[in-house]
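So this one's entry_39.txt, compact mmCIF, C-alpha atoms and all ligand atoms:
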# COMPACT_ATOMS: atom_id res chain seq x y z
CA MET V 208 -57.34 55.15 -58.87
CA PRO V 209 -57.11 51.49 -59.98
CA PRO V 210 -59.80 49.21 -58.56
CA LEU V 211 -59.04 47.39 -55.32
CA ARG V 212 -58.26 43.74 -56.07
CA ILE V 213 -60.41 41.37 -54.00
CA ALA V 214 -59.93 37.63 -53.46
CA ILE V 215 -62.85 35.65 -52.06
CA ALA V 216 -62.27 32.68 -49.75
CA GLY V 217 -64.95 30.01 -49.40
CA ALA V 218 -66.17 30.99 -52.85
CA LEU V 219 -68.76 28.20 -53.11
CA GLY V 220 -70.40 28.95 -49.75
CA ARG V 221 -73.57 30.99 -49.20
CA MET V 222 -71.65 34.17 -48.36
CA GLY V 223 -68.86 33.44 -50.86
CA LEU V 224 -71.40 33.42 -53.68
CA GLN V 225 -73.02 36.65 -52.40
CA MET V 226 -69.60 38.28 -52.17
CA ALA V 227 -68.75 37.54 -55.81
CA VAL V 228 -71.98 39.16 -57.01
CA ALA V 229 -71.44 42.23 -54.81
CA VAL V 230 -67.77 42.66 -55.79
CA GLU V 231 -68.51 42.34 -59.50
CA ALA V 232 -71.23 44.99 -59.22
CA ASP V 233 -68.93 47.53 -57.53
CA PRO V 234 -66.83 49.72 -59.88
CA ARG V 235 -64.33 50.46 -57.09
CA LEU V 236 -63.37 46.77 -57.00
CA ALA V 237 -61.93 44.06 -59.24
CA LEU V 238 -62.72 40.41 -58.54
CA ALA V 239 -59.12 39.15 -58.66
CA ALA V 240 -59.65 35.55 -57.52
CA ARG V 241 -62.04 33.08 -55.96
CA PHE V 242 -60.81 30.07 -54.01
CA HIS V 243 -62.30 27.29 -51.92
CA ARG V 244 -61.02 24.23 -50.08
CA PRO V 245 -57.81 22.76 -51.52
CA GLY V 246 -58.80 20.50 -54.43
CA ALA V 247 -62.37 21.87 -54.71
CA ALA V 248 -63.73 21.81 -58.26
CA GLY V 249 -65.60 24.84 -59.56
CA GLU V 250 -65.52 27.18 -62.51
CA GLY V 251 -62.96 29.96 -62.15
CA LEU V 252 -61.50 28.73 -58.86
CA VAL V 253 -57.77 29.10 -58.24
CA SER V 254 -55.52 27.85 -55.44
CA ARG V 255 -55.18 29.84 -52.22
CA ASP V 256 -51.58 30.75 -53.08
CA GLU V 257 -52.57 32.08 -56.50
CA ALA V 258 -55.43 34.03 -54.93
CA LEU V 259 -53.23 35.67 -52.28
CA ALA V 260 -50.66 36.61 -54.92
CA SER V 261 -53.27 38.54 -56.93
CA ALA V 262 -55.16 40.41 -54.20
CA ASP V 263 -54.99 43.61 -52.16
CA VAL V 264 -57.68 42.35 -49.76
CA VAL V 265 -59.00 38.85 -49.08
CA ILE V 266 -62.63 38.53 -47.91
CA ASP V 267 -63.27 35.36 -45.95
CA PHE V 268 -66.57 33.79 -44.84
CA THR V 269 -65.59 30.17 -44.20
CA THR V 270 -65.01 28.35 -40.91
CA PRO V 271 -63.03 29.31 -37.79
CA ALA V 272 -60.24 26.81 -38.57
CA ALA V 273 -60.00 27.91 -42.22
CA SER V 274 -60.00 31.61 -41.27
CA ALA V 275 -57.25 31.16 -38.67
CA GLU V 276 -55.10 29.26 -41.19
CA LEU V 277 -55.79 31.89 -43.85
CA ALA V 278 -54.78 34.70 -41.49
CA GLU V 279 -51.45 32.95 -40.88
CA ALA V 280 -50.92 32.47 -44.64
CA CYS V 281 -51.73 36.13 -45.37
CA ALA V 282 -49.31 37.28 -42.65
CA VAL V 283 -46.53 35.10 -44.07
CA ARG V 284 -47.14 36.53 -47.53
CA GLY V 285 -47.60 40.18 -46.39
CA GLY V 286 -48.65 43.10 -48.58
CA LEU V 287 -52.38 42.46 -48.33
CA ALA V 288 -55.22 42.88 -45.83
CA LEU V 289 -57.90 40.47 -44.64
CA VAL V 290 -61.62 40.81 -43.85
CA ILE V 291 -62.93 37.90 -41.75
CA GLY V 292 -66.65 37.18 -41.38
CA SER V 293 -66.55 33.63 -40.02
CA THR V 294 -67.96 33.02 -36.52
CA GLY V 295 -67.60 30.37 -33.81
CA PHE V 296 -63.88 30.80 -33.01
CA ASP V 297 -62.16 29.13 -30.06
CA ASP V 298 -59.41 30.84 -28.08
CA ARG V 299 -56.58 29.16 -30.04
CA GLU V 300 -58.01 30.35 -33.36
CA LEU V 301 -58.51 33.88 -32.01
CA ALA V 302 -54.90 33.89 -30.81
CA ALA V 303 -53.71 32.86 -34.30
CA ILE V 304 -55.64 35.76 -35.85
CA ALA V 305 -54.30 38.21 -33.25
CA ALA V 306 -50.76 37.01 -34.02
CA ALA V 307 -51.31 37.50 -37.77
CA ALA V 308 -52.65 41.00 -37.07
CA LYS V 309 -49.20 41.99 -35.81
CA THR V 310 -48.04 41.74 -39.44
CA ILE V 311 -51.10 42.66 -41.54
CA ALA V 312 -54.34 44.63 -41.08
CA ILE V 313 -57.35 42.42 -40.31
CA VAL V 314 -61.00 43.38 -39.86
CA ARG V 315 -63.00 40.70 -38.03
CA SER V 316 -66.66 41.03 -37.10
CA GLY V 317 -69.47 38.65 -36.25
CA SER V 318 -71.73 40.96 -38.27
CA TYR V 319 -71.03 43.24 -41.22
CA SER V 320 -74.49 44.78 -40.90
CA LEU V 321 -74.64 48.54 -40.32
CA GLY V 322 -77.85 48.27 -38.27
CA LEU V 323 -76.52 45.54 -36.07
CA ASN V 324 -73.36 47.46 -35.28
CA MET V 325 -75.52 50.45 -34.35
CA LEU V 326 -77.57 48.15 -32.12
CA THR V 327 -74.49 47.15 -30.10
CA GLY V 328 -74.09 50.81 -29.05
CA LEU V 329 -77.75 51.03 -28.01
CA VAL V 330 -77.49 47.79 -26.05
CA GLU V 331 -74.41 49.03 -24.20
CA GLN V 332 -76.20 52.30 -23.38
CA ALA V 333 -79.36 50.57 -22.09
CA SER V 334 -77.32 48.08 -20.11
CA ARG V 335 -75.33 50.86 -18.45
CA ALA V 336 -78.54 52.69 -17.47
CA LEU V 337 -80.50 49.71 -16.10
CA ASP V 338 -79.60 48.30 -12.69
CA PRO V 339 -78.89 44.53 -12.75
CA GLY V 340 -80.72 44.33 -9.43
CA ASP V 341 -83.96 45.35 -11.17
CA CYS V 342 -83.45 44.24 -14.72
CA ASP V 343 -82.49 40.92 -16.35
CA ILE V 344 -80.85 40.68 -19.79
CA GLU V 345 -81.73 37.90 -22.25
CA ILE V 346 -80.46 37.57 -25.82
CA LEU V 347 -82.39 35.58 -28.43
CA GLU V 348 -81.10 34.66 -31.87
CA ALA V 349 -82.63 32.68 -34.75
CA HIS V 350 -80.93 31.38 -37.90
CA HIS V 351 -81.41 28.98 -40.80
CA ARG V 352 -81.11 25.21 -40.39
CA HIS V 353 -77.58 25.05 -41.89
CA LYS V 354 -75.87 27.21 -39.28
CA VAL V 355 -73.27 25.23 -37.32
CA ASP V 356 -72.24 27.52 -34.44
CA ALA V 357 -74.27 28.77 -31.47
CA PRO V 358 -74.81 31.26 -30.04
CA SER V 359 -74.23 33.24 -33.23
CA GLY V 360 -71.23 35.55 -33.49
CA THR V 361 -73.69 38.44 -33.49
CA ALA V 362 -75.41 37.26 -30.29
CA LEU V 363 -72.00 37.12 -28.63
CA MET V 364 -71.23 40.68 -29.85
CA LEU V 365 -74.51 41.82 -28.30
CA GLY V 366 -73.63 39.96 -25.10
CA GLU V 367 -70.23 41.70 -25.02
CA ALA V 368 -71.97 45.07 -25.44
CA ALA V 369 -74.41 44.32 -22.62
CA ALA V 370 -71.60 43.12 -20.34
CA LYS V 371 -69.52 46.22 -21.16
CA GLY V 372 -72.45 48.45 -20.19
CA ARG V 373 -72.51 46.73 -16.80
CA GLY V 374 -68.73 46.85 -16.43
CA VAL V 375 -68.37 43.06 -16.24
CA GLU V 376 -66.72 40.35 -18.37
CA LEU V 377 -69.24 38.45 -20.50
CA GLU V 378 -67.44 35.19 -19.74
CA ALA V 379 -68.17 35.65 -16.02
CA VAL V 380 -71.94 36.23 -16.40
CA ALA V 381 -72.99 34.42 -19.61
CA ARG V 382 -75.62 31.67 -19.22
CA ARG V 383 -75.40 29.83 -22.54
CA VAL V 384 -77.48 26.74 -21.73
CA ARG V 385 -80.53 26.03 -19.54
CA ASP V 386 -81.87 22.52 -19.17
CA GLY V 387 -83.63 20.61 -16.39
CA ILE V 388 -83.99 21.94 -12.83
CA THR V 389 -81.87 25.03 -13.34
CA GLY V 390 -82.81 26.86 -10.16
CA ALA V 391 -84.02 30.43 -10.20
CA ARG V 392 -82.26 32.95 -12.37
CA SER V 393 -79.03 34.35 -10.87
CA GLN V 394 -78.94 38.11 -10.56
CA GLY V 395 -76.69 39.67 -13.20
CA GLU V 396 -76.51 36.76 -15.60
CA ILE V 397 -76.85 37.40 -19.32
CA GLY V 398 -78.83 34.58 -20.89
CA PHE V 399 -78.67 33.27 -24.47
CA ALA V 400 -81.38 31.38 -26.34
CA VAL V 401 -81.08 29.90 -29.83
CA VAL V 402 -83.55 28.96 -32.58
CA ARG V 403 -82.45 27.01 -35.69
CA GLY V 404 -84.67 26.26 -38.67
CA GLY V 405 -85.81 27.02 -42.19
CA SER V 406 -84.13 29.79 -44.10
CA ILE V 407 -83.97 32.57 -41.48
CA VAL V 408 -81.11 34.92 -42.47
CA GLY V 409 -80.55 36.26 -38.93
CA GLU V 410 -82.81 37.55 -36.14
CA HIS V 411 -81.40 39.02 -32.93
CA SER V 412 -83.01 40.64 -29.91
CA VAL V 413 -81.82 41.81 -26.53
CA SER V 414 -84.52 42.07 -23.86
CA PHE V 415 -84.21 44.02 -20.63
CA LEU V 416 -86.76 42.42 -18.32
CA ALA V 417 -87.87 44.32 -15.21
CA ASP V 418 -90.86 43.81 -12.90
CA GLY V 419 -93.90 44.81 -14.92
CA GLU V 420 -92.14 45.84 -18.14
CA VAL V 421 -89.84 44.56 -20.88
CA LEU V 422 -87.69 46.65 -23.22
CA THR V 423 -86.60 44.77 -26.36
CA LEU V 424 -84.03 46.03 -28.86
CA ALA V 425 -84.02 43.95 -32.04
CA HIS V 426 -82.48 43.57 -35.48
CA SER V 427 -83.70 41.58 -38.44
CA ALA V 428 -81.43 40.63 -41.36
CA GLN V 429 -83.58 40.13 -44.43
CA ASP V 430 -81.01 39.50 -47.13
CA ARG V 431 -77.35 38.26 -47.14
CA SER V 432 -76.37 40.90 -49.73
CA MET V 433 -76.40 43.41 -46.87
CA PHE V 434 -73.55 41.50 -45.15
CA ALA V 435 -71.65 41.46 -48.45
CA ARG V 436 -71.97 45.26 -48.80
CA GLY V 437 -70.68 45.67 -45.24
CA ALA V 438 -67.71 43.41 -45.97
CA ILE V 439 -66.93 45.52 -49.06
CA ALA V 440 -67.00 48.68 -46.93
CA ALA V 441 -64.56 46.93 -44.58
CA ALA V 442 -62.27 45.93 -47.49
CA LEU V 443 -62.16 49.48 -48.85
CA TRP V 444 -61.45 50.82 -45.35
CA VAL V 445 -58.74 48.32 -44.38
CA ALA V 446 -56.68 48.40 -47.59
CA GLY V 447 -53.35 50.06 -46.81
CA ARG V 448 -54.04 50.33 -43.04
CA PRO V 449 -51.24 49.58 -40.56
CA PRO V 450 -51.16 46.09 -39.05
CA GLY V 451 -53.75 45.51 -36.33
CA GLU V 452 -57.04 43.80 -35.59
CA TYR V 453 -60.03 46.02 -36.31
CA ASP V 454 -63.79 45.49 -36.21
CA MET V 455 -66.80 46.81 -38.08
CA ARG V 456 -67.34 49.54 -35.51
CA ASP V 457 -63.87 50.88 -36.46
CA VAL V 458 -64.89 50.77 -40.13
CA LEU V 459 -68.09 52.68 -39.41
CA GLY V 460 -66.30 55.22 -37.20
CA PHE V 461 -68.32 54.21 -34.13
CA ASN V 462 -65.19 53.61 -32.02
CA ALA V 463 -63.77 57.10 -32.66
CA SER V 464 -63.88 59.25 -29.51
N1 LIG O 1 -69.94 38.34 -40.13
C1 LIG O 1 -71.07 38.34 -40.85
O1 LIG O 1 -71.67 39.39 -41.15
C2 LIG O 1 -71.58 37.03 -41.33
C3 LIG O 1 -70.95 35.90 -40.94
N2 LIG O 1 -71.33 34.69 -41.42
C4 LIG O 1 -70.48 33.58 -41.03
O2 LIG O 1 -69.69 33.23 -42.17
C5 LIG O 1 -69.41 31.84 -42.15
C6 LIG O 1 -69.86 31.22 -43.46
O3 LIG O 1 -71.25 31.31 -43.57
P1 LIG O 1 -72.02 30.69 -44.83
O4 LIG O 1 -71.49 31.29 -46.07
O5 LIG O 1 -73.45 30.77 -44.53
O6 LIG O 1 -71.57 29.16 -44.69
P2 LIG O 1 -71.27 28.09 -45.83
O7 LIG O 1 -71.08 26.78 -45.13
O8 LIG O 1 -72.28 28.20 -46.91
O9 LIG O 1 -69.88 28.59 -46.45
C7 LIG O 1 -68.63 28.38 -45.89
C8 LIG O 1 -67.79 27.76 -46.97
O10 LIG O 1 -66.42 27.71 -46.57
C9 LIG O 1 -65.88 26.55 -47.18
N3 LIG O 1 -64.62 26.16 -46.60
C10 LIG O 1 -64.41 25.34 -45.54
N4 LIG O 1 -63.07 25.21 -45.33
C11 LIG O 1 -62.45 25.98 -46.25
C12 LIG O 1 -61.09 26.25 -46.57
N5 LIG O 1 -60.10 25.71 -45.85
N6 LIG O 1 -60.81 27.08 -47.60
C13 LIG O 1 -61.79 27.63 -48.32
N7 LIG O 1 -63.11 27.39 -48.10
C14 LIG O 1 -63.43 26.57 -47.07
C15 LIG O 1 -66.97 25.51 -47.00
O11 LIG O 1 -66.77 24.45 -47.89
P3 LIG O 1 -67.54 23.05 -47.74
O12 LIG O 1 -68.93 23.35 -48.16
O13 LIG O 1 -66.79 22.17 -48.65
O14 LIG O 1 -67.44 22.67 -46.30
C16 LIG O 1 -68.23 26.32 -47.29
O15 LIG O 1 -68.61 26.25 -48.64
C17 LIG O 1 -70.11 31.28 -40.91
O16 LIG O 1 -69.19 31.22 -39.84
C18 LIG O 1 -71.19 32.33 -40.62
O17 LIG O 1 -71.57 32.36 -39.29
C19 LIG O 1 -72.37 34.56 -42.28
C20 LIG O 1 -73.07 35.65 -42.68
C21 LIG O 1 -72.75 36.99 -42.24
O1 LIG O 2 -74.37 31.90 -40.21
C1 LIG O 2 -75.06 32.87 -40.59
O2 LIG O 2 -75.89 32.79 -41.50
C2 LIG O 2 -74.83 34.16 -39.94
N1 LIG O 2 -73.84 34.26 -39.11
C3 LIG O 2 -73.42 35.42 -38.41
C4 LIG O 2 -73.49 35.19 -36.93
O3 LIG O 2 -73.09 34.12 -36.46
O4 LIG O 2 -73.91 36.09 -36.20
C5 LIG O 2 -74.08 36.68 -38.90
C6 LIG O 2 -75.48 36.52 -39.40
O5 LIG O 2 -76.36 36.54 -38.32
C7 LIG O 2 -75.67 35.33 -40.29
Could you write out this file's structure as structure tokens?
Amino acid sequence: MPPLRIAIAGALGRMGLQMAVAVEADPRLALAARFHRPGAAGEGLVSRDEALASADVVIDFTTPAASAELAEACAVRGGLALVIGSTGFDDRELAAIAAAAKTIAIVRSGSYSLGLNMLTGLVEQASRALDPGDCDIEILEAHHRHKVDAPSGTALMLGEAAAKGRGVELEAVARRVRDGITGARSQGEIGFAVVRGGSIVGEHSVSFLADGEVLTLAHSAQDRSMFARGAIAAALWVAGRPPGEYDMRDVLGFNAS
């Protein structure tokens, strides 16, 4: 079988650089193109149009706006699939990606880590078992000083899993900011706390806090190459799939009944 042709968006970014190394090291793949912002200078970079013309799958770790625009461009072109790793989307950008996924296959996940995607299942299970009347849920995440969105995409995935376990919408119960005289904690809320600094790759924990005991489920990302390997697994899985929006739990087979 010929190698799968991969184009990398945001090629000069932290994840874009990791992706190039991981793709070049994988004999199942060919690094077909690397592209960045229009007009960006860098060795071996091509334009987005050239990149899309040469790829079976585009892997994208950029920004929400750039990913939404890229999804539209891929859908217009057709004949290729997209793996999106960017985080921090607003509703309009998510709608643009969902619209593109009517024409092409797209995998989008806030985390391409295997362990983290396993953790979402454990969080959902614990949340289902523990009564909100007795047990409070708090999510803590920590990342490097360059990260621009908060809470992280992963923290929001964990929040979604916790809310699903309780049979509620995250939007209705999320407490994303606390400052000043906040009043006592409301029963059932799911709280988020954020640390930014240094070079932390990604730390996430979900605590279930009851009277007299605390259960904490946690994940620690130690190296970005692990995200790149997950994105490659997603690219190999999504190539040739029917149009639709998929996530990493689909790739890993965790959503199969
Ligand atoms: N899902 C997952 O497993 C993971 C997700 N992420 C997410 O991936 C994203 C990128 O992270 P990271 O690599 O650390 O961030 P970086 O800022 O290092 O990289 C993003 C790059 O995208 C570039 N870019 C911006 N606009 C465009 C465009 N229109 N076309 C092409 N490139 C563009 C930026 O260029 P410039 O520098 O010029 O602005 C930047 O170099 C973030 O949203 C992060 O949260 C990160 C790790 C794992
Ligand atoms: O920006 C990062 O670095 C990361 N972003 C993702 C997120 O928002 O969850 C994944 C990972 O934690 C690293």
Would you tabulate, counting all atoms listed in the file, all residues of chain V that have an atom at most 6 Å from an atom of ligand LIG 2 (chain O), showing the closest pair of atoms and their distance in Å to one decimal, sorted by chain then ascending number, as a tab-separated table?
residue	atom	partner	partner_atom	distance
V:Thr294	CA	O:LIG2	O3	5.2
V:Gly317	CA	O:LIG2	O4	5.1
V:Ser318	CA	O:LIG2	C5	4.9
V:Lys354	CA	O:LIG2	O1	5.0
V:Ser359	CA	O:LIG2	O3	3.5
V:Gly360	CA	O:LIG2	O3	3.8
V:Thr361	CA	O:LIG2	O4	3.6
V:Val408	CA	O:LIG2	O2	5.7
V:Gly409	CA	O:LIG2	O5	4.2
Restricting to all atoms listed in the file, whichever of V:Ala262, V:Ala425, V:Met208, V:Leu323 is closest to ligand LIG 1 (chain O) is V:Leu323
Do you have, as a Markdown table, the list of residues of chain V lying at most 8 Å from ligand LIG 1 (chain O), each with its nearest atom pair and that distance in Å to one decimal, counting only C-alpha atoms and all ligand atoms and ordered by chain then number?
| residue | atom | partner | partner_atom | distance |
| --- | --- | --- | --- | --- |
| V:Ala216 | CA | O:LIG1 | C13 | 5.3 |
| V:Gly217 | CA | O:LIG1 | N7 | 3.5 |
| V:Ala218 | CA | O:LIG1 | N7 | 6.7 |
| V:Leu219 | CA | O:LIG1 | O15 | 4.9 |
| V:Gly220 | CA | O:LIG1 | O9 | 3.4 |
| V:Arg221 | CA | O:LIG1 | O4 | 3.8 |
| V:Met222 | CA | O:LIG1 | O4 | 3.7 |
| V:Gly223 | CA | O:LIG1 | O4 | 5.9 |
| V:Leu224 | CA | O:LIG1 | O4 | 7.9 |
| V:Phe242 | CA | O:LIG1 | C13 | 6.3 |
| V:His243 | CA | O:LIG1 | C13 | 3.7 |
| V:Arg244 | CA | O:LIG1 | N6 | 3.8 |
| V:Pro245 | CA | O:LIG1 | N6 | 6.6 |
| V:Ala247 | CA | O:LIG1 | O13 | 7.5 |
| V:Arg255 | CA | O:LIG1 | N6 | 7.8 |
| V:Asp267 | CA | O:LIG1 | O2 | 7.7 |
| V:Phe268 | CA | O:LIG1 | O2 | 4.1 |
| V:Thr269 | CA | O:LIG1 | O10 | 3.5 |
| V:Thr270 | CA | O:LIG1 | O16 | 5.2 |
| V:Pro271 | CA | O:LIG1 | O16 | 6.8 |
| V:Ala272 | CA | O:LIG1 | N5 | 7.4 |
| V:Ala273 | CA | O:LIG1 | N5 | 4.2 |
| V:Ser274 | CA | O:LIG1 | N5 | 7.5 |
| V:Glu276 | CA | O:LIG1 | N5 | 7.7 |
| V:Leu277 | CA | O:LIG1 | N5 | 7.8 |
| V:Ile291 | CA | O:LIG1 | N1 | 7.2 |
| V:Gly292 | CA | O:LIG1 | N1 | 3.7 |
| V:Ser293 | CA | O:LIG1 | O16 | 3.6 |
| V:Thr294 | CA | O:LIG1 | O16 | 4.0 |
| V:Gly295 | CA | O:LIG1 | O16 | 6.3 |
| V:Arg315 | CA | O:LIG1 | N1 | 7.6 |
| V:Ser316 | CA | O:LIG1 | N1 | 5.2 |
| V:Gly317 | CA | O:LIG1 | N1 | 3.9 |
| V:Ser318 | CA | O:LIG1 | O1 | 3.3 |
| V:Tyr319 | CA | O:LIG1 | O1 | 3.9 |
| V:Ser320 | CA | O:LIG1 | O1 | 6.1 |
| V:His353 | CA | O:LIG1 | O7 | 7.5 |
| V:Lys354 | CA | O:LIG1 | O17 | 6.7 |
| V:Val355 | CA | O:LIG1 | O17 | 7.6 |
| V:Asp356 | CA | O:LIG1 | O17 | 6.9 |
| V:Ser359 | CA | O:LIG1 | O17 | 6.7 |
| V:Gly360 | CA | O:LIG1 | O17 | 6.6 |
| V:Thr361 | CA | O:LIG1 | N1 | 7.6 |
| V:Arg431 | CA | O:LIG1 | C20 | 6.7 |
| V:Phe434 | CA | O:LIG1 | O1 | 4.9 |
| V:Ala435 | CA | O:LIG1 | O1 | 7.6 |
| V:Gly437 | CA | O:LIG1 | O1 | 7.6 |
| V:Ala438 | CA | O:LIG1 | O1 | 7.4 |
Dump as a tab-separated table the rows for residues of segment 282-398 of chain V within 9 Å of segment 444-458 of chain V: closest atom pair and distance in Å with one decimal, all atoms listed in the file counted, ordered by chain and rising residue number.
residue	atom	partner	partner_atom	distance
V:Gly286	CA	V:Gly447	CA	8.6
V:Leu287	CA	V:Ala446	CA	7.4
V:Ala288	CA	V:Ala446	CA	6.0
V:Leu289	CA	V:Val445	CA	7.9
V:Val290	CA	V:Val445	CA	8.1
V:Ile304	CA	V:Glu452	CA	8.2
V:Ala305	CA	V:Glu452	CA	6.7
V:Ala307	CA	V:Gly451	CA	8.5
V:Ala308	CA	V:Gly451	CA	4.7
V:Lys309	CA	V:Pro450	CA	5.6
V:Thr310	CA	V:Pro450	CA	5.4
V:Ile311	CA	V:Pro450	CA	4.2
V:Ala312	CA	V:Pro450	CA	4.0
V:Ile313	CA	V:Glu452	CA	4.9
V:Val314	CA	V:Tyr453	CA	4.5
V:Arg315	CA	V:Asp454	CA	5.2
V:Ser316	CA	V:Asp454	CA	5.4
V:Gly317	CA	V:Met455	CA	8.8
V:Ser318	CA	V:Met455	CA	7.7
V:Tyr319	CA	V:Met455	CA	6.4
V:Ser320	CA	V:Met455	CA	8.4
V:Leu321	CA	V:Met455	CA	8.3
V:Asn324	CA	V:Arg456	CA	6.4
V:Met325	CA	V:Arg456	CA	8.3
Could you dump the residues just selected with C-alpha atoms as a CSV table (one decimal), in the coordinates of the input?
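To be explicit, this is the file written out as again.csv:
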chain,number,residue,atom,x,y,z
V,286,GLY,CA,-48.6,43.1,-48.6
V,287,LEU,CA,-52.4,42.5,-48.3
V,288,ALA,CA,-55.2,42.9,-45.8
V,289,LEU,CA,-57.9,40.5,-44.6
V,290,VAL,CA,-61.6,40.8,-43.8
V,304,ILE,CA,-55.6,35.8,-35.8
V,305,ALA,CA,-54.3,38.2,-33.2
V,307,ALA,CA,-51.3,37.5,-37.8
V,308,ALA,CA,-52.6,41.0,-37.1
V,309,LYS,CA,-49.2,42.0,-35.8
V,310,THR,CA,-48.0,41.7,-39.4
V,311,ILE,CA,-51.1,42.7,-41.5
V,312,ALA,CA,-54.3,44.6,-41.1
V,313,ILE,CA,-57.4,42.4,-40.3
V,314,VAL,CA,-61.0,43.4,-39.9
V,315,ARG,CA,-63.0,40.7,-38.0
V,316,SER,CA,-66.7,41.0,-37.1
V,317,GLY,CA,-69.5,38.6,-36.2
V,318,SER,CA,-71.7,41.0,-38.3
V,319,TYR,CA,-71.0,43.2,-41.2
V,320,SER,CA,-74.5,44.8,-40.9
V,321,LEU,CA,-74.6,48.5,-40.3
V,324,ASN,CA,-73.4,47.5,-35.3
V,325,MET,CA,-75.5,50.4,-34.4
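One finds atom CA of Ala440 of chain V at 28.7 Å from atom CA of Thr423 of chain V.
For the pair atom CA of Gly328 of chain V and atom CA of Phe461 of chain V, the separation is 8.4 Å.
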Counting only C-alpha atoms, the residue among V:Leu326, V:Leu347, V:Ala417, V:Ile215 that lies closest to Arg383 of chain V is V:Leu347
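If you look at atom CA of Ala336 of chain V and atom CA of Ala370 of chain V, they are 12.2 Å away from each other.
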Counting all atoms listed in the file, closest pick from V:Ala381, V:Leu424, V:Ala349, V:Ile266 relative to Gln332 of chain V is V:Leu424
Find, counting only C-alpha atoms, the residue in V:Ala240, V:Val283, V:Val413, V:Val401 that gets nearest to His351 of chain V.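 Answer, going by the shortest atom-to-atom distance: V:Val401.
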- Query: When distances are computed from all atoms listed in the file, which of V:Ala463, V:Val264, V:Ile344, V:Ala258 shows the smallest separation from Ile439 of chain V?
  - Reply: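 Among the listed residues, the smallest separation from Ile439 of chain V belongs to V:Val264.
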TODO: Rank nothing, just name the residue among V:Ala333, V:Ala227, V:Val380, V:Ala306 nearest to Phe415 of chain V, using all atoms listed in the file.
DONE: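 Using all atoms listed in the file, the shortest distance to Phe415 of chain V belongs to V:Ala333.
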Starting from the incomplete input, reconstruct N, CA and C atoms of segment 230-242 of chain V and write that as a compact mmCIF listing (two decimals), in the coordinates of the input.
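What follows is the written file rebuild_19.txt:
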# COMPACT_ATOMS: atom_id res chain seq x y z
N VAL V 230 -69.05 42.10 -55.34
CA VAL V 230 -67.77 42.66 -55.79
C VAL V 230 -67.85 42.99 -57.28
N GLU V 231 -68.43 42.09 -58.05
CA GLU V 231 -68.51 42.34 -59.50
C GLU V 231 -69.38 43.56 -59.83
N ALA V 232 -70.33 43.85 -58.96
CA ALA V 232 -71.23 44.99 -59.22
C ALA V 232 -70.64 46.33 -58.78
N ASP V 233 -69.46 46.30 -58.12
CA ASP V 233 -68.93 47.53 -57.53
C ASP V 233 -67.76 48.05 -58.37
N PRO V 234 -67.89 49.22 -58.99
CA PRO V 234 -66.83 49.72 -59.88
C PRO V 234 -65.53 50.07 -59.16
N ARG V 235 -65.57 50.16 -57.83
CA ARG V 235 -64.33 50.46 -57.09
C ARG V 235 -63.47 49.21 -56.91
N LEU V 236 -64.03 48.05 -57.28
CA LEU V 236 -63.37 46.77 -57.00
C LEU V 236 -63.14 45.94 -58.26
N ALA V 237 -62.11 45.07 -58.20
CA ALA V 237 -61.93 44.06 -59.24
C ALA V 237 -61.94 42.70 -58.56
N LEU V 238 -62.70 41.77 -59.09
CA LEU V 238 -62.72 40.41 -58.54
C LEU V 238 -61.47 39.69 -59.06
N ALA V 239 -60.42 39.66 -58.22
CA ALA V 239 -59.12 39.15 -58.66
C ALA V 239 -59.08 37.63 -58.63
N ALA V 240 -59.73 37.01 -57.64
CA ALA V 240 -59.65 35.55 -57.52
C ALA V 240 -60.73 35.03 -56.58
N ARG V 241 -61.13 33.79 -56.85
CA ARG V 241 -62.04 33.08 -55.96
C ARG V 241 -61.39 31.74 -55.63
N PHE V 242 -61.37 31.38 -54.36
CA PHE V 242 -60.81 30.07 -54.01
C PHE V 242 -61.66 29.40 -52.96
